[in-house]
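Structure file run25.tsv (TSV, N, CA and C atoms) is printed below.
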chain	number	residue	atom	x	y	z
A	69	MET	N	202.27	122.92	199.96
A	69	MET	CA	202.31	123.51	198.63
A	69	MET	C	202.45	125.02	198.72
A	70	ALA	N	201.58	125.68	199.45
A	70	ALA	CA	201.65	127.14	199.54
A	70	ALA	C	202.71	127.55	200.55
A	71	ALA	N	203.39	128.63	200.24
A	71	ALA	CA	204.38	129.17	201.17
A	71	ALA	C	203.65	129.85	202.32
A	72	ASP	N	204.40	130.13	203.39
A	72	ASP	CA	203.81	130.90	204.47
A	72	ASP	C	203.28	132.21	203.89
A	73	ARG	N	202.19	132.68	204.45
A	73	ARG	CA	201.60	133.92	203.95
A	73	ARG	C	202.55	135.08	204.13
A	74	ARG	N	202.71	135.82	203.07
A	74	ARG	CA	203.50	137.06	203.11
A	74	ARG	C	202.54	138.23	203.26
A	75	SER	N	203.08	139.34	203.70
A	75	SER	CA	202.26	140.55	203.71
A	75	SER	C	202.03	140.97	202.26
A	76	LYS	N	201.00	141.75	202.05
A	76	LYS	CA	200.70	142.27	200.72
A	76	LYS	C	201.90	143.04	200.18
A	77	ALA	N	202.53	143.86	201.02
A	77	ALA	CA	203.68	144.66	200.60
A	77	ALA	C	204.85	143.77	200.18
A	78	ASP	N	205.10	142.70	200.96
A	78	ASP	CA	206.19	141.78	200.61
A	78	ASP	C	205.92	141.06	199.29
A	79	THR	N	204.69	140.62	199.11
A	79	THR	CA	204.32	139.94	197.86
A	79	THR	C	204.48	140.89	196.68
A	80	LEU	N	204.04	142.13	196.85
A	80	LEU	CA	204.15	143.11	195.77
A	80	LEU	C	205.62	143.40	195.45
A	81	ALA	N	206.45	143.53	196.46
A	81	ALA	CA	207.88	143.79	196.23
A	81	ALA	C	208.53	142.62	195.48
A	82	LEU	N	208.21	141.40	195.86
A	82	LEU	CA	208.76	140.23	195.15
A	82	LEU	C	208.26	140.18	193.72
A	83	ARG	N	206.98	140.47	193.53
A	83	ARG	CA	206.42	140.47	192.18
A	83	ARG	C	207.14	141.50	191.30
A	84	GLN	N	207.36	142.69	191.84
A	84	GLN	CA	208.02	143.74	191.06
A	84	GLN	C	209.45	143.35	190.71
A	85	ARG	N	210.08	142.57	191.56
A	85	ARG	CA	211.46	142.15	191.31
A	85	ARG	C	211.54	140.94	190.38
A	86	LEU	N	210.57	140.01	190.47
A	86	LEU	CA	210.70	138.71	189.81
A	86	LEU	C	209.78	138.48	188.61
A	87	ILE	N	208.71	139.24	188.50
A	87	ILE	CA	207.72	139.02	187.43
A	87	ILE	C	207.82	140.15	186.41
A	88	SER	N	207.81	139.79	185.14
A	88	SER	CA	207.92	140.78	184.07
A	88	SER	C	206.85	141.86	184.21
A	89	SER	N	207.23	143.09	183.92
A	89	SER	CA	206.28	144.20	183.99
A	89	SER	C	205.19	144.08	182.93
A	90	SER	N	205.38	143.23	181.93
A	90	SER	CA	204.33	143.03	180.93
A	90	SER	C	203.17	142.21	181.49
A	91	CYS	N	203.37	141.55	182.64
A	91	CYS	CA	202.29	140.84	183.34
A	91	CYS	C	201.68	141.81	184.33
A	92	ARG	N	200.74	142.59	183.86
A	92	ARG	CA	200.20	143.69	184.66
A	92	ARG	C	199.17	143.23	185.68
A	93	LEU	N	199.12	143.96	186.76
A	93	LEU	CA	198.13	143.72	187.81
A	93	LEU	C	196.87	144.53	187.56
A	94	PHE	N	195.75	144.01	188.01
A	94	PHE	CA	194.55	144.82	188.09
A	94	PHE	C	194.76	145.79	189.26
A	95	PHE	N	194.27	146.99	189.13
A	95	PHE	CA	194.34	148.00	190.18
A	95	PHE	C	195.77	148.19	190.69
A	96	PRO	N	196.72	148.55	189.82
A	96	PRO	CA	198.13	148.60	190.21
A	96	PRO	C	198.42	149.58	191.35
A	97	GLU	N	197.61	150.62	191.51
A	97	GLU	CA	197.84	151.58	192.59
A	97	GLU	C	197.61	150.94	193.95
A	98	ASP	N	196.67	150.01	194.02
A	98	ASP	CA	196.36	149.30	195.27
A	98	ASP	C	195.84	147.91	194.90
A	99	PRO	N	196.72	147.01	194.47
A	99	PRO	CA	196.25	145.70	194.01
A	99	PRO	C	195.58	144.89	195.11
A	100	VAL	N	194.61	144.10	194.72
A	100	VAL	CA	193.92	143.21	195.64
A	100	VAL	C	194.75	141.93	195.73
A	101	LYS	N	195.11	141.53	196.95
A	101	LYS	CA	195.85	140.28	197.13
A	101	LYS	C	194.84	139.18	197.45
A	102	ILE	N	194.58	138.34	196.47
A	102	ILE	CA	193.65	137.23	196.62
A	102	ILE	C	194.41	136.05	197.22
A	103	VAL	N	193.85	135.46	198.27
A	103	VAL	CA	194.53	134.35	198.93
A	103	VAL	C	193.79	133.02	198.81
A	104	ARG	N	192.49	133.07	198.47
A	104	ARG	CA	191.75	131.82	198.27
A	104	ARG	C	190.48	132.12	197.50
A	105	ALA	N	189.83	131.05	197.05
A	105	ALA	CA	188.57	131.19	196.33
A	105	ALA	C	187.72	129.94	196.55
A	106	GLN	N	186.43	130.12	196.44
A	106	GLN	CA	185.49	129.00	196.55
A	106	GLN	C	184.23	129.40	195.80
A	107	GLY	N	183.76	128.51	194.93
A	107	GLY	CA	182.57	128.83	194.15
A	107	GLY	C	182.81	130.06	193.30
A	108	GLN	N	181.90	131.01	193.34
A	108	GLN	CA	182.03	132.23	192.54
A	108	GLN	C	182.74	133.34	193.28
A	109	TYR	N	183.25	133.07	194.46
A	109	TYR	CA	183.86	134.11	195.29
A	109	TYR	C	185.37	133.95	195.41
A	110	MET	N	186.05	135.09	195.55
A	110	MET	CA	187.46	135.15	195.88
A	110	MET	C	187.58	135.96	197.16
A	111	TYR	N	188.64	135.69	197.93
A	111	TYR	CA	188.81	136.34	199.22
A	111	TYR	C	190.21	136.94	199.31
A	112	ASP	N	190.28	138.18	199.82
A	112	ASP	CA	191.59	138.81	199.97
A	112	ASP	C	192.19	138.47	201.32
A	113	GLU	N	193.37	139.01	201.58
A	113	GLU	CA	194.11	138.66	202.80
A	113	GLU	C	193.42	139.14	204.06
A	114	GLN	N	192.47	140.06	203.93
A	114	GLN	CA	191.70	140.54	205.08
A	114	GLN	C	190.38	139.79	205.26
A	115	GLY	N	190.09	138.87	204.32
A	115	GLY	CA	188.84	138.11	204.37
A	115	GLY	C	187.70	138.74	203.60
A	116	ALA	N	187.94	139.87	202.93
A	116	ALA	CA	186.88	140.51	202.14
A	116	ALA	C	186.51	139.59	200.97
A	117	GLU	N	185.23	139.51	200.69
A	117	GLU	CA	184.70	138.62	199.67
A	117	GLU	C	184.41	139.41	198.38
A	118	TYR	N	184.82	138.85	197.25
A	118	TYR	CA	184.60	139.46	195.94
A	118	TYR	C	183.93	138.44	195.04
A	119	ILE	N	182.96	138.86	194.24
A	119	ILE	CA	182.42	137.98	193.20
A	119	ILE	C	183.39	137.99	192.04
A	120	ASP	N	183.79	136.82	191.59
A	120	ASP	CA	184.75	136.70	190.50
A	120	ASP	C	184.03	136.65	189.17
A	121	CYS	N	184.08	137.74	188.45
A	121	CYS	CA	183.48	137.81	187.12
A	121	CYS	C	184.55	137.90	186.04
A	122	ILE	N	185.80	137.66	186.39
A	122	ILE	CA	186.90	137.88	185.46
A	122	ILE	C	187.69	136.62	185.16
A	123	ASN	N	187.93	135.76	186.12
A	123	ASN	CA	188.91	134.70	186.01
A	123	ASN	C	188.51	133.47	185.20
A	124	ASN	N	187.62	133.59	184.28
A	124	ASN	CA	187.26	132.48	183.41
A	124	ASN	C	186.76	131.27	184.18
A	125	VAL	N	186.21	131.47	185.36
A	125	VAL	CA	185.68	130.36	186.14
A	125	VAL	C	184.21	130.57	186.48
A	126	ALA	N	183.63	131.65	186.00
A	126	ALA	CA	182.26	131.97	186.39
A	126	ALA	C	181.28	130.86	186.02
A	127	HIS	N	181.60	130.08	185.02
A	127	HIS	CA	180.68	129.03	184.58
A	127	HIS	C	180.65	127.84	185.53
A	128	VAL	N	181.71	127.55	186.28
A	128	VAL	CA	181.70	126.44	187.23
A	128	VAL	C	182.14	126.86	188.62
A	129	GLY	N	182.77	128.01	188.76
A	129	GLY	CA	183.24	128.47	190.05
A	129	GLY	C	184.61	127.92	190.39
A	130	HIS	N	185.21	128.48	191.40
A	130	HIS	CA	186.50	128.01	191.90
A	130	HIS	C	186.27	126.74	192.71
A	131	CYS	N	187.21	125.84	192.63
A	131	CYS	CA	187.25	124.64	193.47
A	131	CYS	C	186.02	123.74	193.29
A	132	HIS	N	185.38	123.78	192.14
A	132	HIS	CA	184.22	122.91	191.91
A	132	HIS	C	184.70	121.46	192.02
A	133	PRO	N	184.07	120.64	192.84
A	133	PRO	CA	184.60	119.30	193.10
A	133	PRO	C	184.73	118.43	191.85
A	134	VAL	N	183.83	118.56	190.90
A	134	VAL	CA	183.93	117.76	189.68
A	134	VAL	C	185.15	118.19	188.85
A	135	VAL	N	185.38	119.51	188.76
A	135	VAL	CA	186.51	120.02	188.00
A	135	VAL	C	187.82	119.68	188.71
A	136	VAL	N	187.86	119.84	190.02
A	136	VAL	CA	189.06	119.50	190.79
A	136	VAL	C	189.39	118.02	190.62
A	137	ARG	N	188.39	117.15	190.71
A	137	ARG	CA	188.61	115.71	190.56
A	137	ARG	C	189.13	115.39	189.16
A	138	ALA	N	188.51	115.97	188.13
A	138	ALA	CA	188.94	115.72	186.74
A	138	ALA	C	190.37	116.20	186.52
A	139	ALA	N	190.70	117.38	187.02
A	139	ALA	CA	192.06	117.90	186.87
A	139	ALA	C	193.06	117.01	187.61
A	140	HIS	N	192.70	116.59	188.80
A	140	HIS	CA	193.57	115.72	189.58
A	140	HIS	C	193.82	114.40	188.84
A	141	GLU	N	192.76	113.80	188.33
A	141	GLU	CA	192.91	112.54	187.61
A	141	GLU	C	193.78	112.72	186.37
A	142	GLN	N	193.57	113.80	185.63
A	142	GLN	CA	194.37	114.03	184.43
A	142	GLN	C	195.82	114.31	184.79
A	143	ASN	N	196.06	115.09	185.84
A	143	ASN	CA	197.43	115.41	186.23
A	143	ASN	C	198.20	114.18	186.70
A	144	GLN	N	197.50	113.16	187.16
A	144	GLN	CA	198.18	111.92	187.54
A	144	GLN	C	198.69	111.17	186.32
A	145	VAL	N	198.09	111.45	185.16
A	145	VAL	CA	198.50	110.79	183.91
A	145	VAL	C	199.46	111.66	183.12
A	146	LEU	N	199.06	112.91	182.88
A	146	LEU	CA	199.84	113.79	182.03
A	146	LEU	C	199.35	115.22	182.22
A	147	ASN	N	200.29	116.14	182.34
A	147	ASN	CA	199.97	117.56	182.38
A	147	ASN	C	200.90	118.23	181.39
A	148	THR	N	200.38	118.57	180.24
A	148	THR	CA	201.20	119.16	179.20
A	148	THR	C	200.39	120.19	178.44
A	149	ASN	N	201.00	120.81	177.46
A	149	ASN	CA	200.29	121.81	176.67
A	149	ASN	C	199.89	121.24	175.32
A	150	SER	N	199.27	122.06	174.51
A	150	SER	CA	198.73	121.60	173.23
A	150	SER	C	199.79	121.48	172.14
A	151	ARG	N	201.03	121.73	172.44
A	151	ARG	CA	202.09	121.64	171.42
A	151	ARG	C	202.59	120.23	171.21
A	152	TYR	N	202.13	119.30	172.04
A	152	TYR	CA	202.45	117.89	171.85
A	152	TYR	C	201.22	117.17	171.32
A	153	LEU	N	201.44	116.16	170.54
A	153	LEU	CA	200.34	115.36	170.01
A	153	LEU	C	199.78	114.48	171.11
A	154	HIS	N	198.49	114.61	171.38
A	154	HIS	CA	197.83	113.81	172.41
A	154	HIS	C	196.36	113.68	172.05
A	155	ASP	N	195.76	112.53	172.39
A	155	ASP	CA	194.36	112.28	172.04
A	155	ASP	C	193.38	113.24	172.70
A	156	ASN	N	193.66	113.68	173.93
A	156	ASN	CA	192.68	114.48	174.66
A	156	ASN	C	192.26	115.74	173.91
A	157	ILE	N	193.19	116.44	173.31
A	157	ILE	CA	192.85	117.69	172.64
A	157	ILE	C	191.95	117.46	171.44
A	158	VAL	N	192.21	116.40	170.67
A	158	VAL	CA	191.34	116.14	169.51
A	158	VAL	C	190.02	115.53	169.94
A	159	ASP	N	190.03	114.74	171.03
A	159	ASP	CA	188.76	114.21	171.54
A	159	ASP	C	187.85	115.36	171.97
A	160	TYR	N	188.42	116.31	172.68
A	160	TYR	CA	187.63	117.46	173.13
A	160	TYR	C	187.16	118.30	171.94
A	161	ALA	N	188.04	118.54	171.00
A	161	ALA	CA	187.66	119.32	169.81
A	161	ALA	C	186.54	118.62	169.05
A	162	GLN	N	186.63	117.33	168.96
A	162	GLN	CA	185.58	116.58	168.25
A	162	GLN	C	184.24	116.70	168.97
A	163	ARG	N	184.23	116.54	170.28
A	163	ARG	CA	182.98	116.69	171.05
A	163	ARG	C	182.43	118.11	170.92
A	164	LEU	N	183.30	119.08	170.99
A	164	LEU	CA	182.88	120.47	170.87
A	164	LEU	C	182.33	120.76	169.48
A	165	SER	N	182.96	120.22	168.45
A	165	SER	CA	182.52	120.45	167.07
A	165	SER	C	181.12	119.92	166.81
A	166	GLU	N	180.74	118.91	167.55
A	166	GLU	CA	179.39	118.33	167.38
A	166	GLU	C	178.30	119.26	167.89
A	167	THR	N	178.66	120.31	168.60
A	167	THR	CA	177.68	121.26	169.14
A	167	THR	C	177.63	122.56	168.37
A	168	LEU	N	178.49	122.70	167.34
A	168	LEU	CA	178.63	123.98	166.64
A	168	LEU	C	178.41	123.82	165.14
A	169	PRO	N	178.06	124.92	164.46
A	169	PRO	CA	177.98	124.87	162.99
A	169	PRO	C	179.37	124.69	162.39
A	170	GLU	N	179.45	124.09	161.22
A	170	GLU	CA	180.72	123.78	160.56
A	170	GLU	C	181.70	124.95	160.48
A	171	PRO	N	181.26	126.18	160.14
A	171	PRO	CA	182.24	127.28	160.05
A	171	PRO	C	182.96	127.58	161.37
A	172	LEU	N	182.44	127.10	162.49
A	172	LEU	CA	183.05	127.36	163.80
A	172	LEU	C	183.81	126.15	164.33
A	173	CYS	N	184.17	125.23	163.46
A	173	CYS	CA	184.75	123.96	163.93
A	173	CYS	C	186.25	123.83	163.70
A	174	VAL	N	186.95	124.92	163.79
A	174	VAL	CA	188.41	124.89	163.88
A	174	VAL	C	188.73	125.59	165.19
A	175	PHE	N	189.53	124.95	166.03
A	175	PHE	CA	189.70	125.42	167.40
A	175	PHE	C	191.12	125.86	167.69
A	176	TYR	N	191.23	126.80	168.58
A	176	TYR	CA	192.51	127.30	169.07
A	176	TYR	C	192.36	127.36	170.58
A	177	PHE	N	192.93	126.41	171.28
A	177	PHE	CA	192.75	126.31	172.72
A	177	PHE	C	193.82	127.11	173.46
A	178	LEU	N	193.37	127.88	174.44
A	178	LEU	CA	194.24	128.70	175.27
A	178	LEU	C	193.93	128.43	176.73
A	179	ASN	N	194.76	128.92	177.61
A	179	ASN	CA	194.49	128.78	179.03
A	179	ASN	C	193.67	129.95	179.56
A	180	SER	N	193.33	130.90	178.70
A	180	SER	CA	192.62	132.08	179.16
A	180	SER	C	191.90	132.72	177.99
A	181	GLY	N	190.82	133.42	178.27
A	181	GLY	CA	190.10	134.14	177.24
A	181	GLY	C	190.73	135.48	176.90
A	182	TRP	N	191.78	135.85	177.64
A	182	TRP	CA	192.35	137.17	177.47
A	182	TRP	C	193.34	137.25	176.32
A	183	GLY	N	193.98	136.16	175.96
A	183	GLY	CA	195.03	136.26	174.94
A	183	GLY	C	196.12	137.21	175.42
A	184	ASN	N	196.61	138.03	174.56
A	184	ASN	CA	197.64	139.01	174.94
A	184	ASN	C	196.94	140.33	175.23
A	185	SER	N	196.55	140.53	176.46
A	185	SER	CA	195.81	141.75	176.82
A	185	SER	C	196.69	142.99	176.80
A	186	ASN	N	198.00	142.80	176.66
A	186	ASN	CA	198.90	143.95	176.62
A	186	ASN	C	199.20	144.38	175.20
A	187	SER	N	198.60	143.73	174.23
A	187	SER	CA	198.87	144.03	172.83
A	187	SER	C	198.36	145.42	172.49
A	188	LYS	N	199.10	146.10	171.65
A	188	LYS	CA	198.72	147.45	171.22
A	188	LYS	C	198.01	147.42	169.87
A	189	THR	N	197.71	146.22	169.36
A	189	THR	CA	197.07	146.12	168.03
A	189	THR	C	195.58	146.30	168.12

As structure tokens, the full file:
Amino acid sequence: MAADRRSKADTLALRQRLISSSCRLFFPEDPVKIVRAQGQYMYDEQGAEYIDCINNVAHVGHCHPVVVRAAHEQNQVLNTNSRYLHDNIVDYAQRLSETLPEPLCVFYFLNSGWGNSNSKT
């Protein structure tokens, strides 16, 4: 699945050529090249360990076996977005709504808590 490891400089050069500049890097002057993660930690290409407090995984960690298993099982059936009609999204919304007060029971599901972080509004 993963390509052979590239140097940080090679990865950065490819990113600058192939990825839109609106997809900004953290620490653009010297970006951290993360190569793996486990639990609450991420590791760079030199093996330095970082606590991940940003990537929306702090609640379960990276590679949590229950989450990996659930994602694997779901991907064997269907991997799609919320723009198609499917029972899973309404089943989840219904379960979530049972834990919240009525005014908070309309949902907008995203893949990230960041939304459009480049917005000037």

Q) Which neighbours of A:Gln106 fall inside 6 Å, counting only N, CA and C atoms, when residues of the same chain fewer than 2 positions from it are skipped, and could you give them as a ChimeraX atom specification? A) /A:104,108-110,129-131

All strand (DSSP E or B) residues (DSSP, backbone) inside stretch 79-133 of chain A, as a list in words:
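DSSP-assigned strand (DSSP E or B) residues in stretch 79-133 of chain A: Ile102, Val103, Arg104, Ala105, Gln106, Gly107, Tyr109, Met110, Tyr111, Asp112, Glu117, Tyr118, Ile119 and His130 of chain A.
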
| Distance atom CA of A:Gln114-atom CA of A:Val100, one decimal place? |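 Those two atoms sit 10.1 Å apart.
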
Fewer than 5 positions away in the same chain doesn't count, so skip those; otherwise give me all residues within 10 Å of A:Leu164, counting only C-alpha atoms, as a compact mmCIF listing (two decimals) with N, CA and C atoms, in the coordinates of the input.
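Listed below is the output, around-v1.txt:
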# COMPACT_ATOMS: atom_id res chain seq x y z
N VAL A 158 192.21 116.40 170.67
CA VAL A 158 191.34 116.14 169.51
C VAL A 158 190.02 115.53 169.94
N ASP A 159 190.03 114.74 171.03
CA ASP A 159 188.76 114.21 171.54
C ASP A 159 187.85 115.36 171.97
N LEU A 172 182.44 127.10 162.49
CA LEU A 172 183.05 127.36 163.80
C LEU A 172 183.81 126.15 164.33
N CYS A 173 184.17 125.23 163.46
CA CYS A 173 184.75 123.96 163.93
C CYS A 173 186.25 123.83 163.70
N VAL A 174 186.95 124.92 163.79
CA VAL A 174 188.41 124.89 163.88
C VAL A 174 188.73 125.59 165.19
N PHE A 175 189.53 124.95 166.03
CA PHE A 175 189.70 125.42 167.40
C PHE A 175 191.12 125.86 167.69

Next on the checklist: Using DSSP secondary structure from the backbone, list all helix (DSSP H, G or I) positions within stretch 87-170 of chain A, as number ranges by chain.
Outcome noted: A: 133-145, 155-165, 170

Could you please take those selected residues and save N, CA and C atoms as an mmCIF file, keeping the file's coordinate frame?
data_model
loop_
_atom_site.group_PDB
_atom_site.id
_atom_site.type_symbol
_atom_site.label_atom_id
_atom_site.label_comp_id
_atom_site.auth_asym_id
_atom_site.auth_seq_id
_atom_site.Cartn_x
_atom_site.Cartn_y
_atom_site.Cartn_z
ATOM 1 N N PRO A 133 184.070 120.640 192.840
ATOM 2 C CA PRO A 133 184.600 119.300 193.100
ATOM 3 C C PRO A 133 184.730 118.430 191.850
ATOM 4 N N VAL A 134 183.830 118.560 190.900
ATOM 5 C CA VAL A 134 183.930 117.760 189.680
ATOM 6 C C VAL A 134 185.150 118.190 188.850
ATOM 7 N N VAL A 135 185.380 119.510 188.760
ATOM 8 C CA VAL A 135 186.510 120.020 188.000
ATOM 9 C C VAL A 135 187.820 119.680 188.710
ATOM 10 N N VAL A 136 187.860 119.840 190.020
ATOM 11 C CA VAL A 136 189.060 119.500 190.790
ATOM 12 C C VAL A 136 189.390 118.020 190.620
ATOM 13 N N ARG A 137 188.390 117.150 190.710
ATOM 14 C CA ARG A 137 188.610 115.710 190.560
ATOM 15 C C ARG A 137 189.130 115.390 189.160
ATOM 16 N N ALA A 138 188.510 115.970 188.130
ATOM 17 C CA ALA A 138 188.940 115.720 186.740
ATOM 18 C C ALA A 138 190.370 116.200 186.520
ATOM 19 N N ALA A 139 190.700 117.380 187.020
ATOM 20 C CA ALA A 139 192.060 117.900 186.870
ATOM 21 C C ALA A 139 193.060 117.010 187.610
ATOM 22 N N HIS A 140 192.700 116.590 188.800
ATOM 23 C CA HIS A 140 193.570 115.720 189.580
ATOM 24 C C HIS A 140 193.820 114.400 188.840
ATOM 25 N N GLU A 141 192.760 113.800 188.330
ATOM 26 C CA GLU A 141 192.910 112.540 187.610
ATOM 27 C C GLU A 141 193.780 112.720 186.370
ATOM 28 N N GLN A 142 193.570 113.800 185.630
ATOM 29 C CA GLN A 142 194.370 114.030 184.430
ATOM 30 C C GLN A 142 195.820 114.310 184.790
ATOM 31 N N ASN A 143 196.060 115.090 185.840
ATOM 32 C CA ASN A 143 197.430 115.410 186.230
ATOM 33 C C ASN A 143 198.200 114.180 186.700
ATOM 34 N N GLN A 144 197.500 113.160 187.160
ATOM 35 C CA GLN A 144 198.180 111.920 187.540
ATOM 36 C C GLN A 144 198.690 111.170 186.320
ATOM 37 N N VAL A 145 198.090 111.450 185.160
ATOM 38 C CA VAL A 145 198.500 110.790 183.910
ATOM 39 C C VAL A 145 199.460 111.660 183.120
ATOM 40 N N ASP A 155 195.760 112.530 172.390
ATOM 41 C CA ASP A 155 194.360 112.280 172.040
ATOM 42 C C ASP A 155 193.380 113.240 172.700
ATOM 43 N N ASN A 156 193.660 113.680 173.930
ATOM 44 C CA ASN A 156 192.680 114.480 174.660
ATOM 45 C C ASN A 156 192.260 115.740 173.910
ATOM 46 N N ILE A 157 193.190 116.440 173.310
ATOM 47 C CA ILE A 157 192.850 117.690 172.640
ATOM 48 C C ILE A 157 191.950 117.460 171.440
ATOM 49 N N VAL A 158 192.210 116.400 170.670
ATOM 50 C CA VAL A 158 191.340 116.140 169.510
ATOM 51 C C VAL A 158 190.020 115.530 169.940
ATOM 52 N N ASP A 159 190.030 114.740 171.030
ATOM 53 C CA ASP A 159 188.760 114.210 171.540
ATOM 54 C C ASP A 159 187.850 115.360 171.970
ATOM 55 N N TYR A 160 188.420 116.310 172.680
ATOM 56 C CA TYR A 160 187.630 117.460 173.130
ATOM 57 C C TYR A 160 187.160 118.300 171.940
ATOM 58 N N ALA A 161 188.040 118.540 171.000
ATOM 59 C CA ALA A 161 187.660 119.320 169.810
ATOM 60 C C ALA A 161 186.540 118.620 169.050
ATOM 61 N N GLN A 162 186.630 117.330 168.960
ATOM 62 C CA GLN A 162 185.580 116.580 168.250
ATOM 63 C C GLN A 162 184.240 116.700 168.970
ATOM 64 N N ARG A 163 184.230 116.540 170.280
ATOM 65 C CA ARG A 163 182.980 116.690 171.050
ATOM 66 C C ARG A 163 182.430 118.110 170.920
ATOM 67 N N LEU A 164 183.300 119.080 170.990
ATOM 68 C CA LEU A 164 182.880 120.470 170.870
ATOM 69 C C LEU A 164 182.330 120.760 169.480
ATOM 70 N N SER A 165 182.960 120.220 168.450
ATOM 71 C CA SER A 165 182.520 120.450 167.070
ATOM 72 C C SER A 165 181.120 119.920 166.810
ATOM 73 N N GLU A 170 179.450 124.090 161.220
ATOM 74 C CA GLU A 170 180.720 123.780 160.560
ATOM 75 C C GLU A 170 181.700 124.950 160.480
#

Point to revise | Within 6 Å of A:Glu113 using all atoms listed in the file, minus same-chain residues under 4 positions, as JSON, numbers by chain | key: {"A": [101, 102, 103]}

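Counting from atom CA of A:Thr79, the distance to atom CA of A:Ile119 is 22.5 Å.
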